[in-house]
Amino acid sequence: MSLRTLFKQRSKWSLTIILFILAMPPLVFAQEAIDRQRSFVYGINAGIPDAVIGTFAPPTVDTIYLMSTETSIVSPRITSIYYWPITNDYRASWGILNEVVEGELEIISGLQTVETIEQVTYTIHFFQGRGSSSKPTLFIGEEAEVANAQFEADQIAYRDAVWAYEDARQAWLDAAREAQKKGVDPNLFPEGPIEPPAPTTFSTGLNSGFPIKLDPGNYRIRTRAADGSIVPKSERDLVVFSPRRTAVGYEVIPEQRWTFPEQSNDLEGAILGRENSSVYLKPFVSREYPAVSYARLQDPQDVSTGQVGEWTWVAGEPIDNAVLEQVNNGQVLGQIPLQPYTVKQSPGGRLGYEILEYNSNTPFETPRVDFVAYRLPLESNNRNFSVQLRTDDETLLLGSNRAVRVAGNNSPFILALISLLPLLAGGCILWWRQQQTYRLKSSADSV
Amino acid sequence: MLRTENLSKSYDSKIAVHDLNLNLAPGEIYGFLGPNGAGKTTTIRLLLGLLKPTEGRVFLFDEPITDDIIALKRRIGVVAEEPPPANRMTAWELVRFFADLNHVKQPEARMEKLFNALDLWDARHALASAYSRGMRQKLSLIRALIHTPDLLILDEPVSGLDPFGIRQVRAVIDEHREEGGAVLISSHILSEVERSANRIGILHQGRLLVEDSINGIRSRIGDTNVLHIELLEIPESLPAQLQAIAEVKKIETRENRITLHLESGRDARPDIFQAVVATGGILVTMEMEEISLEEAFVTVTNQNVQQLAGAE
Amino acid sequence: MSADLTKTHNRAGFLRWHTIRRIATQQSRDSLFGWGIYIAATVSVGIAALLIFNSVRFVGESDLNVISQPFLFPLQFALTLAMLFVAVEATLSIARPREQGSLQVLFFAPIDEPILIGGNFITGLLVYVFFVVLTLPVLLLLVWATNFVLPTVLLWAVIPTIFAVAVALAFGLFVSAAAPSARAAVLILVAGILILLGLQSAYTALLNIPPTSRFFDALLFIRSILASLQSILSWLSPIRMLDIILTSSLNNDWAQLLKQIGISLVATAVWLFAAVRMLHRKGVLP
């Protein structure tokens, strides 16, 4: 059969196949590695409540997403980018090329330029460890210069301290060796030098970029060079979003599986537990964002995560200045304080853990703090209640209320019986209907 | 009341109805005859707007049915060959439902009357789907009459009915006509049509071959009528006297009975009577042998198709 | 003259509406007097009970179960099944009586295509409401038995799901009007549902592949295609519409809810119009 005949006979299918083949090249080419290319990009340090997300927007990204509640930095740069086919995205080689593009950023809303932002010096300081102080700090302008100078001074001071420590330690070791040779009792030998604490602050160093903090909305941005021209490929859409709701989320630690905590973010959700057990709650600030916006903020090139109309709760900073209240029908049943706990592995052949209240006076039993949480007992005489958080200044934390249930009947027989009720209702209705209608005798057929 | 103008319907190359011109007056019962596949059901579906004509138009109550078919349908009742109802309604509920669809206010009295007239009163609360064929036929008639339509279209209205049921249905149809309603009956039970219809149309292969009163059709079918007379004794001169009458074509004598073959056209019976009296004969019976509708139907559709079509 | 004309039109409109209502009440009553709806409701709450039982057992075995909405999935499942039930009924509502020859009998009465489609459409909505009324108390009993949480907001969220059901009904009626037989109608509907569910499930499955999986990167391209299809599904798939309406109601996302209701209304109108045109074209005869 010739191609022509086949085409005639299967014209619709042939057309579809040809269109598909014509559409293939972009798909095929998209899979091929592209050489490094010099390109204009926006480097992004997107501020979120408890962190700063570093990413960048290559020319293929049309829209940049930022939060309205935090200051973010957008830096116009010329860099070397390359396509990475495995992850289907572009990557930047900052080490090879990182040129600052001079100019100012125009922010346009509708047809009007609502703001023009000058490029400023900035630095971001990150702090090690989790806690209220772990939030990175963004310094802009003179503050950035000062902070950076301080950071560098701290680094030099630490370096000097380390050197001094090394010298002192060497001297102490030499003295110790001498003393050992002389037979001096080691217990009488003086304590060695103390190692200087490592710095807990890390810095991005001084950079330049546009600080952006705008009201939620859709904007368009572009970089205007010193000569008044628009920098090519610098025009992008900018979506500034804010959390729809802010509430309290809980990390829920089960008594028997403390390494597998679960999160309770949904305000309408519930914590279901077994009777005569305990769960441990660690509260944190939880914010609800548009899923697409939040995903694109973290990676502007990610087009597959999140759906339009979908919302996502994001865990934020921990809450440690409140007490947990047990509430039933509006009545506060009791208050539970935030306490440190130690996890002790069961000795011998017994597997599992035991969670003990931390006590500094019993270092053998509770040698360290493993986590800090509210212990919530689930008892058979109190099966339905809710919990809420009240701060030290007696303010009830909005969105901290969560239903807690001690699971009830799990008999499959009872549940199956309940689910047969529609059939029973149907039987009753049909029986009633049968009473309403007259059943024809067979003789009626001869009428 | 019902009129069609050059109504035609064809499916691909097959002509179902061709150039049909019907006219039905108020108070008239029109018998629609034709063998299976003649196009009767197609015609009825065209009249109800269930099929679109290939050509021509249908007028109901002087309105083209394309204008406001809903308003026109409110004035029509239809009984067709119907499958058992697929719903779970009782007969009473079914009729009530159709009464509501026709916006009949307080239909209960009429429902009661019709259910009683067709002997379904006792079975009114039975499921309509459980009805026998005959009962369903009667129920369809109640359904068709519940809104007192001006025009009743009946497709095989007495099929599946026993003689008693046929009589009940006939009575109900007669009553409808007496109230001024028109009826279009399509039936293969020719005696039923013969008994009820004022006018008959015979459809064959989609064409209306003839449309006339029953007597008119008879007169078209045959050129001779047969008259039987019985006398106490046949006078000798009587056959000659009878032969002298222009319409008499042939005489057969047997004992005291004479069979006369008469030319159709003028009624010769008064002349024949005169001849009997003049020759001193005593007439016992005089009986005209009529062609039945069945004979006419067969003749028209099978033998005289060309002739009648030409005569038209 | 103009006033008279308006009056006549108003009266004609009233009569049409009266007929639609009458068909709807009769046919929904007919559904009530058959076993189908009760069996479907029992299956739906049965599976919901199974899902709930699974959650209760999980609590028993692992001490803890943090579920954002323990009854959301069972309820969503029950509503989806209710929607499919009325969609199948709608799909048969024209094709089956037409095949049997009883549809023409209905057309002996003063009704036309829009009235029949309208009547069947409202029938479907009424049957859906009855289905929900039948299953919700049973779900509440399950809540009581398991001591789970069924927030009031979840009950309120059931109300706007009627808009998604309307789309399913309108589509079912279109298929019913277009299909050559009842069997073909059901086959078309089932094929449609399977394709839409397949797309939705495939996307959900791909979303659940963790970034640590070696398949994560390899499936990126397919995932991005399916992600684009998701937005189309919000216009096409009543199951997806029900999902969006339910979750946006739960999240108090009024903008999204209104948008999806708007989409549903447009889709319903389009399918209903297509159903009327198709019935007009195909006729009521076997």
# chains A, B, ... in the order shown; residues from 1 in each chain; ligands from 1
$ interface_residues --of "chain B" --to "chain C" --cutoff "9 Å" --atoms "only C-alpha atoms" --output "ChimeraX atom specification"
/B:48,50-51,69-80,82-89,97-98,100-103,144
$ residues_around --residues "range 273-278 of chain A" --least-positions-apart "6" --cutoff "6 Å" --atoms "only C-alpha atoms" --output "count of residues only"
12
$ select_by_dssp --residues "range 252-372 of chain A" --states "strand (DSSP E)" --output "JSON, numbers by chain"
{"A": [252, 253, 254, 262, 263, 264, 270, 271, 272, 273, 277, 278, 279, 280, 281, 282, 283, 284, 285, 286, 287, 288, 289, 290, 311, 312, 313, 314, 315, 316, 317, 318, 322, 323, 324, 325, 326, 327, 328, 331, 332, 333, 334, 335, 336, 339, 340, 341, 342, 343, 344, 345, 353, 354, 355, 356, 357, 371, 372]}
$ closest_atom_pairs --of "chain B" --to "chain A" --cutoff "8 Å" --atoms "only C-alpha atoms" --output "JSON lines"
{"residue": "B:Thr90", "atom": "CA", "partner": "A:Thr437", "partner_atom": "CA", "distance": 6.9}
{"residue": "B:Ala123", "atom": "CA", "partner": "A:Leu440", "partner_atom": "CA", "distance": 7.0}
{"residue": "B:Arg124", "atom": "CA", "partner": "A:Tyr438", "partner_atom": "CA", "distance": 7.9}
{"residue": "B:His125", "atom": "CA", "partner": "A:Tyr438", "partner_atom": "CA", "distance": 5.1}
{"residue": "B:Ala126", "atom": "CA", "partner": "A:Tyr438", "partner_atom": "CA", "distance": 4.4}
{"residue": "B:Leu127", "atom": "CA", "partner": "A:Thr437", "partner_atom": "CA", "distance": 6.8}
{"residue": "B:Ala130", "atom": "CA", "partner": "A:Leu440", "partner_atom": "CA", "distance": 7.3}
{"residue": "B:Tyr131", "atom": "CA", "partner": "A:Asp445", "partner_atom": "CA", "distance": 6.9}
{"residue": "B:Ser132", "atom": "CA", "partner": "A:Asp445", "partner_atom": "CA", "distance": 4.8}
{"residue": "B:Arg133", "atom": "CA", "partner": "A:Asp445", "partner_atom": "CA", "distance": 7.8}
{"residue": "B:Gly134", "atom": "CA", "partner": "A:Val447", "partner_atom": "CA", "distance": 6.5}
{"residue": "B:Met135", "atom": "CA", "partner": "A:Val447", "partner_atom": "CA", "distance": 6.4}
{"residue": "B:Leu161", "atom": "CA", "partner": "A:Val447", "partner_atom": "CA", "distance": 7.8}
{"residue": "B:Asp162", "atom": "CA", "partner": "A:Val447", "partner_atom": "CA", "distance": 7.5}
{"residue": "B:Gly165", "atom": "CA", "partner": "A:Val447", "partner_atom": "CA", "distance": 7.7}
$ write_last_selection --atoms "all heavy atoms" --output "CSV table (one decimal), in the first residue's frame"
chain,number,residue,atom,x,y,z
B,90,THR,N,-48.6,4.3,38.5
B,90,THR,CA,-49.9,3.5,38.4
B,90,THR,C,-50.6,4.1,37.2
B,90,THR,O,-50.3,5.2,36.7
B,90,THR,CB,-50.7,3.6,39.7
B,90,THR,OG1,-51.1,5.0,39.8
B,90,THR,CG2,-50.0,3.1,40.9
B,123,ALA,N,-58.8,-1.2,38.3
B,123,ALA,CA,-57.3,-1.5,38.2
B,123,ALA,C,-56.5,-0.2,38.1
B,123,ALA,O,-55.4,-0.2,37.7
B,123,ALA,CB,-57.1,-2.3,36.9
B,124,ARG,N,-57.2,0.9,38.5
B,124,ARG,CA,-56.5,2.2,38.3
B,124,ARG,C,-55.3,2.4,39.2
B,124,ARG,O,-54.4,3.2,38.8
B,124,ARG,CB,-57.5,3.4,38.6
B,124,ARG,CG,-57.9,3.5,40.0
B,124,ARG,CD,-59.1,4.5,40.2
B,124,ARG,NE,-59.5,4.7,41.6
B,124,ARG,CZ,-60.2,3.9,42.3
B,124,ARG,NH1,-60.6,2.7,41.8
B,124,ARG,NH2,-60.5,4.2,43.5
B,125,HIS,N,-55.2,1.7,40.3
B,125,HIS,CA,-54.0,1.8,41.2
B,125,HIS,C,-53.0,0.8,41.0
B,125,HIS,O,-52.1,0.6,41.8
B,125,HIS,CB,-54.5,1.9,42.7
B,125,HIS,CG,-55.2,3.1,43.0
B,125,HIS,ND1,-54.8,4.4,42.7
B,125,HIS,CD2,-56.4,3.3,43.6
B,125,HIS,CE1,-55.7,5.3,43.1
B,125,HIS,NE2,-56.7,4.6,43.7
B,126,ALA,N,-53.2,0.0,39.9
B,126,ALA,CA,-52.1,-1.0,39.5
B,126,ALA,C,-51.1,-0.2,38.7
B,126,ALA,O,-51.3,0.8,38.1
B,126,ALA,CB,-52.7,-2.1,38.7
B,127,LEU,N,-49.8,-0.8,38.7
B,127,LEU,CA,-48.8,-0.2,37.9
B,127,LEU,C,-49.1,-0.3,36.4
B,127,LEU,O,-49.5,-1.4,36.0
B,127,LEU,CB,-47.4,-0.9,38.2
B,127,LEU,CG,-46.8,-0.6,39.6
B,127,LEU,CD1,-45.6,-1.4,39.7
B,127,LEU,CD2,-46.6,0.8,39.8
B,130,ALA,N,-47.7,-3.0,34.4
B,130,ALA,CA,-48.2,-4.4,34.6
B,130,ALA,C,-49.5,-4.7,33.8
B,130,ALA,O,-50.0,-5.8,33.9
B,130,ALA,CB,-48.5,-4.6,36.1
B,131,TYR,N,-50.0,-3.7,33.2
B,131,TYR,CA,-51.2,-3.8,32.4
B,131,TYR,C,-51.0,-4.8,31.2
B,131,TYR,O,-49.9,-4.8,30.6
B,131,TYR,CB,-51.6,-2.5,31.8
B,131,TYR,CG,-52.6,-1.7,32.7
B,131,TYR,CD1,-52.6,-1.9,34.1
B,131,TYR,CD2,-53.5,-0.8,32.2
B,131,TYR,CE1,-53.5,-1.2,34.9
B,131,TYR,CE2,-54.4,0.0,33.0
B,131,TYR,CZ,-54.4,-0.3,34.3
B,131,TYR,OH,-55.2,0.4,35.1
B,132,SER,N,-52.1,-5.5,30.8
B,132,SER,CA,-52.0,-6.3,29.6
B,132,SER,C,-52.1,-5.4,28.4
B,132,SER,O,-52.3,-4.2,28.5
B,132,SER,CB,-53.2,-7.3,29.6
B,132,SER,OG,-54.4,-6.5,29.4
B,133,ARG,N,-51.9,-5.9,27.2
B,133,ARG,CA,-51.9,-5.1,26.0
B,133,ARG,C,-53.2,-4.4,25.8
B,133,ARG,O,-53.2,-3.2,25.5
B,133,ARG,CB,-51.6,-6.0,24.8
B,133,ARG,CG,-51.3,-5.2,23.6
B,133,ARG,CD,-50.7,-6.0,22.5
B,133,ARG,NE,-50.7,-5.1,21.3
B,133,ARG,CZ,-51.1,-5.5,20.1
B,133,ARG,NH1,-51.5,-6.7,19.9
B,133,ARG,NH2,-51.0,-4.7,19.1
B,134,GLY,N,-54.3,-5.1,26.0
B,134,GLY,CA,-55.6,-4.5,25.8
B,134,GLY,C,-55.8,-3.4,26.8
B,134,GLY,O,-56.4,-2.4,26.5
B,135,MET,N,-55.4,-3.6,28.1
B,135,MET,CA,-55.6,-2.6,29.1
B,135,MET,C,-54.8,-1.4,28.8
B,135,MET,O,-55.2,-0.2,28.9
B,135,MET,CB,-55.2,-3.1,30.5
B,135,MET,CG,-56.1,-4.2,31.0
B,135,MET,SD,-55.4,-5.0,32.4
B,135,MET,CE,-55.9,-4.0,33.7
B,161,LEU,N,-57.7,-5.8,21.7
B,161,LEU,CA,-58.9,-5.7,22.5
B,161,LEU,C,-59.9,-6.8,22.2
B,161,LEU,O,-59.9,-7.3,21.0
B,161,LEU,CB,-59.6,-4.4,22.3
B,161,LEU,CG,-59.0,-3.1,22.8
B,161,LEU,CD1,-59.7,-1.9,22.4
B,161,LEU,CD2,-58.9,-3.2,24.3
B,162,ASP,N,-60.6,-7.3,23.2
B,162,ASP,CA,-61.6,-8.3,22.9
B,162,ASP,C,-62.9,-7.5,22.4
B,162,ASP,O,-63.0,-6.3,22.5
B,162,ASP,CB,-61.9,-9.1,24.2
B,162,ASP,CG,-62.3,-8.2,25.4
B,162,ASP,OD1,-62.7,-7.1,25.1
B,162,ASP,OD2,-62.2,-8.7,26.5
B,165,GLY,N,-64.2,-5.0,24.7
B,165,GLY,CA,-63.4,-3.8,24.8
B,165,GLY,C,-63.5,-2.9,23.6
B,165,GLY,O,-63.5,-1.7,23.7
$ residues_around --residues "range 154-158 of chain C" --least-positions-apart "4" --cutoff "8 Å" --atoms "only C-alpha atoms" --output "PyMOL selection string"
chain C and resi 72+150+162+245-246+249-250
$ select_by_dssp --residues "range 87-245 of chain B" --states "alpha helix (DSSP H)" --output "number ranges by chain"
B: 91-101, 108-117, 133-145, 163-178, 190-196, 214-221, 238-243
$ closest_residue --among "A:Gly95, A:Gly408, A:Pro290, A:Pro76" --to "Ala145 in chain C" --atoms "only C-alpha atoms"
A:Gly408
$ residues_around --residues "Thr135 in chain C" --least-positions-apart "3" --cutoff "7 Å" --atoms "only C-alpha atoms" --output "PyMOL selection string"
(chain A and resi 422) or (chain C and resi 41+45+131-132+138-139)
$ closest_residue --among "C:Trp144, C:Tyr128, C:Phe163, C:Trp271" --to "chain A" --atoms "only C-alpha atoms"
C:Trp144
$ closest_residue --among "A:Thr342, A:Gln256, A:Thr223, A:Ser229" --to "chain C" --atoms "only C-alpha atoms"
A:Gln256
$ interface_residues --of "chain A" --to "chain C" --cutoff "8 Å" --atoms "only C-alpha atoms" --output "CSV table (one decimal) with N, CA, C and O atoms, in the first residue's frame"
chain,number,residue,atom,x,y,z
A,86,ILE,N,18.4,17.2,32.5
A,86,ILE,CA,17.9,16.2,33.4
A,86,ILE,C,16.8,16.8,34.3
A,86,ILE,O,15.8,16.2,34.5
A,87,THR,N,17.0,18.0,34.7
A,87,THR,CA,16.0,18.7,35.5
A,87,THR,C,15.2,19.7,34.7
A,87,THR,O,14.3,20.4,35.3
A,88,ASN,N,15.5,19.8,33.5
A,88,ASN,CA,14.7,20.6,32.6
A,88,ASN,C,14.7,22.1,33.0
A,88,ASN,O,13.6,22.7,33.0
A,252,VAL,N,3.0,17.3,65.8
A,252,VAL,CA,2.5,16.4,66.8
A,252,VAL,C,3.4,15.1,66.9
A,252,VAL,O,3.6,14.5,65.9
A,254,PRO,N,4.0,11.5,68.3
A,254,PRO,CA,3.3,10.4,69.0
A,254,PRO,C,4.2,9.8,70.1
A,254,PRO,O,5.5,9.9,70.0
A,255,GLU,N,3.7,9.3,71.1
A,255,GLU,CA,4.4,8.8,72.2
A,255,GLU,C,5.4,7.6,71.8
A,255,GLU,O,6.5,7.5,72.3
A,256,GLN,N,4.9,6.8,70.9
A,256,GLN,CA,5.7,5.6,70.6
A,256,GLN,C,6.6,5.8,69.4
A,256,GLN,O,7.4,4.9,69.1
A,262,GLU,N,4.0,14.3,63.1
A,262,GLU,CA,3.2,14.7,62.0
A,262,GLU,C,2.8,16.2,62.2
A,262,GLU,O,3.0,16.7,63.3
A,263,GLN,N,2.4,16.8,61.1
A,263,GLN,CA,2.0,18.2,61.2
A,263,GLN,C,0.5,18.4,61.1
A,263,GLN,O,-0.1,17.8,60.3
A,264,SER,N,0.0,19.3,62.0
A,264,SER,CA,-1.4,19.6,61.9
A,264,SER,C,-1.5,21.1,61.5
A,264,SER,O,-1.3,22.0,62.4
A,265,ASN,N,-1.7,21.4,60.3
A,265,ASN,CA,-1.8,22.8,59.8
A,265,ASN,C,-3.2,23.2,59.6
A,265,ASN,O,-3.6,24.4,59.8
A,266,ASP,N,-4.1,22.3,59.2
A,266,ASP,CA,-5.4,22.7,58.8
A,266,ASP,C,-6.3,23.0,60.0
A,266,ASP,O,-6.4,22.3,61.0
A,267,LEU,N,-6.8,24.2,60.0
A,267,LEU,CA,-7.6,24.7,61.1
A,267,LEU,C,-8.8,23.8,61.4
A,267,LEU,O,-9.3,23.7,62.5
A,268,GLU,N,-9.4,23.2,60.3
A,268,GLU,CA,-10.5,22.4,60.5
A,268,GLU,C,-10.1,20.9,60.7
A,268,GLU,O,-11.0,20.1,60.9
A,269,GLY,N,-8.9,20.7,60.7
A,269,GLY,CA,-8.4,19.3,60.9
A,269,GLY,C,-8.5,18.8,62.4
A,269,GLY,O,-9.0,19.6,63.2
A,270,ALA,N,-8.1,17.6,62.6
A,270,ALA,CA,-8.2,17.0,63.9
A,270,ALA,C,-7.0,16.2,64.2
A,270,ALA,O,-6.4,15.7,63.4
A,271,ILE,N,-6.8,16.1,65.5
A,271,ILE,CA,-5.7,15.2,66.0
A,271,ILE,C,-6.4,14.0,66.6
A,271,ILE,O,-7.2,14.2,67.6
A,272,LEU,N,-6.2,12.9,66.0
A,272,LEU,CA,-6.9,11.7,66.5
A,272,LEU,C,-5.9,10.8,67.2
A,272,LEU,O,-4.9,10.5,66.6
A,273,GLY,N,-6.3,10.4,68.4
A,273,GLY,CA,-5.3,9.6,69.2
A,273,GLY,C,-6.0,8.4,69.8
A,273,GLY,O,-7.2,8.3,69.9
A,274,ARG,N,-5.1,7.5,70.3
A,274,ARG,CA,-5.7,6.3,71.0
A,274,ARG,C,-5.9,6.7,72.5
A,274,ARG,O,-5.1,7.4,73.0
A,277,SER,N,-3.2,7.3,75.9
A,277,SER,CA,-1.8,7.6,75.4
A,277,SER,C,-1.6,9.1,75.5
A,277,SER,O,-2.5,9.8,76.0
A,279,VAL,N,0.2,12.6,73.4
A,279,VAL,CA,0.9,13.2,72.2
A,279,VAL,C,1.6,14.5,72.7
A,279,VAL,O,1.2,15.1,73.7
A,303,VAL,N,7.5,24.6,36.9
A,303,VAL,CA,6.2,24.9,36.4
A,303,VAL,C,5.2,23.7,36.8
A,303,VAL,O,4.0,23.8,36.4
A,304,SER,N,5.7,22.7,37.4
A,304,SER,CA,4.9,21.6,37.6
A,304,SER,C,4.3,21.5,39.0
A,304,SER,O,3.3,20.8,39.3
A,305,THR,N,4.9,22.2,40.0
A,305,THR,CA,4.4,22.1,41.4
A,305,THR,C,3.3,23.1,41.6
A,305,THR,O,3.3,24.2,41.1
A,307,GLN,N,-1.1,23.9,42.0
A,307,GLN,CA,-2.1,24.2,41.0
A,307,GLN,C,-2.8,25.5,41.3
A,307,GLN,O,-2.9,25.9,42.5
A,308,VAL,N,-3.3,26.1,40.2
A,308,VAL,CA,-4.0,27.4,40.4
A,308,VAL,C,-5.2,27.1,41.3
A,308,VAL,O,-5.9,26.1,41.1
A,309,GLY,N,-5.4,27.9,42.3
A,309,GLY,CA,-6.5,27.7,43.2
A,309,GLY,C,-6.2,26.9,44.4
A,309,GLY,O,-7.0,26.7,45.3
A,383,ARG,N,-13.0,12.4,75.8
A,383,ARG,CA,-12.8,11.9,74.4
A,383,ARG,C,-12.9,13.1,73.4
A,383,ARG,O,-12.3,13.0,72.3
A,384,ASN,N,-13.6,14.1,73.7
A,384,ASN,CA,-13.8,15.2,72.8
A,384,ASN,C,-13.4,16.5,73.4
A,384,ASN,O,-14.0,16.9,74.4
A,403,ALA,N,-9.1,20.6,67.1
A,403,ALA,CA,-10.0,19.5,67.7
A,403,ALA,C,-9.1,18.3,68.0
A,403,ALA,O,-8.2,17.9,67.2
A,405,ARG,N,-9.5,14.3,69.3
A,405,ARG,CA,-10.5,13.2,69.5
A,405,ARG,C,-9.7,11.9,69.9
A,405,ARG,O,-8.7,11.6,69.4
A,406,VAL,N,-10.3,11.3,70.9
A,406,VAL,CA,-9.9,9.9,71.2
A,406,VAL,C,-10.7,9.0,70.4
A,406,VAL,O,-12.0,9.0,70.5
A,407,ALA,N,-10.1,8.3,69.5
A,407,ALA,CA,-10.9,7.5,68.5
A,407,ALA,C,-11.8,6.5,69.2
A,407,ALA,O,-11.5,5.9,70.2
A,408,GLY,N,-13.0,6.4,68.6
A,408,GLY,CA,-14.1,5.6,69.2
A,408,GLY,C,-14.1,4.2,68.6
A,408,GLY,O,-13.1,3.6,68.3
A,409,ASN,N,-15.4,3.9,68.3
A,409,ASN,CA,-15.7,2.5,67.8
A,409,ASN,C,-14.9,2.1,66.5
A,409,ASN,O,-15.0,2.8,65.6
A,410,ASN,N,-14.2,1.1,66.6
A,410,ASN,CA,-13.6,0.6,65.3
A,410,ASN,C,-14.0,-0.8,65.0
A,410,ASN,O,-13.3,-1.5,64.3
A,412,PRO,N,-15.7,-3.2,62.7
A,412,PRO,CA,-16.2,-3.2,61.3
A,412,PRO,C,-17.7,-3.6,61.2
A,412,PRO,O,-18.4,-3.1,60.3
A,415,LEU,N,-19.8,-0.5,61.9
A,415,LEU,CA,-19.7,0.5,60.7
A,415,LEU,C,-20.5,-0.1,59.5
A,415,LEU,O,-21.1,0.7,58.8
A,416,ALA,N,-20.3,-1.4,59.3
A,416,ALA,CA,-21.0,-2.0,58.1
A,416,ALA,C,-22.5,-1.9,58.3
A,416,ALA,O,-23.3,-1.6,57.4
A,418,ILE,N,-24.2,0.3,60.0
A,418,ILE,CA,-24.6,1.7,59.8
A,418,ILE,C,-24.7,2.0,58.3
A,418,ILE,O,-25.6,2.7,57.8
A,419,SER,N,-23.7,1.5,57.5
A,419,SER,CA,-23.7,1.8,56.1
A,419,SER,C,-24.8,1.1,55.3
A,419,SER,O,-25.1,1.4,54.2
A,420,LEU,N,-25.5,0.2,56.0
A,420,LEU,CA,-26.6,-0.5,55.3
A,420,LEU,C,-27.9,0.3,55.5
A,420,LEU,O,-29.0,0.0,54.9
A,421,LEU,N,-27.9,1.4,56.2
A,421,LEU,CA,-29.1,2.2,56.5
A,421,LEU,C,-29.8,2.7,55.2
A,421,LEU,O,-31.0,2.7,55.2
A,422,PRO,N,-29.1,3.2,54.2
A,422,PRO,CA,-29.8,3.6,53.0
A,422,PRO,C,-30.6,2.5,52.4
A,422,PRO,O,-31.8,2.8,51.9
A,423,LEU,N,-30.1,1.3,52.4
A,423,LEU,CA,-30.8,0.2,51.9
A,423,LEU,C,-32.1,-0.1,52.7
A,423,LEU,O,-33.2,-0.3,52.1
A,425,ALA,N,-33.7,2.2,54.4
A,425,ALA,CA,-34.6,3.3,54.1
A,425,ALA,C,-35.3,3.0,52.8
A,425,ALA,O,-36.6,3.2,52.6
A,426,GLY,N,-34.6,2.6,51.8
A,426,GLY,CA,-35.2,2.2,50.5
A,426,GLY,C,-36.2,1.1,50.6
A,426,GLY,O,-37.3,1.2,50.0
A,429,ILE,N,-39.4,2.6,52.0
A,429,ILE,CA,-40.1,3.5,51.0
A,429,ILE,C,-40.8,2.6,49.9
A,429,ILE,O,-41.9,2.8,49.6
A,430,LEU,N,-40.1,1.6,49.5
A,430,LEU,CA,-40.6,0.7,48.5
A,430,LEU,C,-41.8,-0.1,49.0
A,430,LEU,O,-42.8,-0.4,48.3
A,433,ARG,N,-44.7,2.1,49.1
A,433,ARG,CA,-45.2,2.3,47.8
A,433,ARG,C,-46.0,1.1,47.3
A,433,ARG,O,-47.1,1.2,46.7
$ closest_residue --among "C:Thr91, C:Ser234, C:Thr80, C:Thr161" --to "Ala179 in chain C" --atoms "only C-alpha atoms"
C:Thr91
$ atom_distance --atom1 "CA of Asn218 in chain A" --atom2 "CA of Lys233 in chain A"
18.7 Å
$ atom_distance --atom1 "CA of Trp92 in chain B" --atom2 "CA of Phe85 in chain C"
29.0 Å
$ atom_distance --atom1 "CA of Ala46 in chain A" --atom2 "CA of Arg245 in chain A"
19.8 Å
$ residues_around --residues "range 140-154 of chain A" --least-positions-apart "5" --cutoff "7 Å" --atoms "only C-alpha atoms" --output "mmCIF file with C-alpha atoms, in the first residue's frame"
data_model
loop_
_atom_site.group_PDB
_atom_site.id
_atom_site.type_symbol
_atom_site.label_atom_id
_atom_site.label_comp_id
_atom_site.auth_asym_id
_atom_site.auth_seq_id
_atom_site.Cartn_x
_atom_site.Cartn_y
_atom_site.Cartn_z
ATOM 1 C CA VAL A 120 21.704 49.555 46.824
ATOM 2 C CA THR A 121 24.340 47.648 48.682
ATOM 3 C CA TYR A 122 23.027 44.782 50.805
ATOM 4 C CA THR A 123 24.167 41.873 52.832
ATOM 5 C CA GLY A 205 29.131 39.558 51.758
ATOM 6 C CA LEU A 206 28.366 42.874 50.185
#
$ residues_around --residues "Gly34 in chain B" --least-positions-apart "6" --cutoff "7 Å" --atoms "only C-alpha atoms" --output "NGL selection string"
:B and (40 or 202-204)
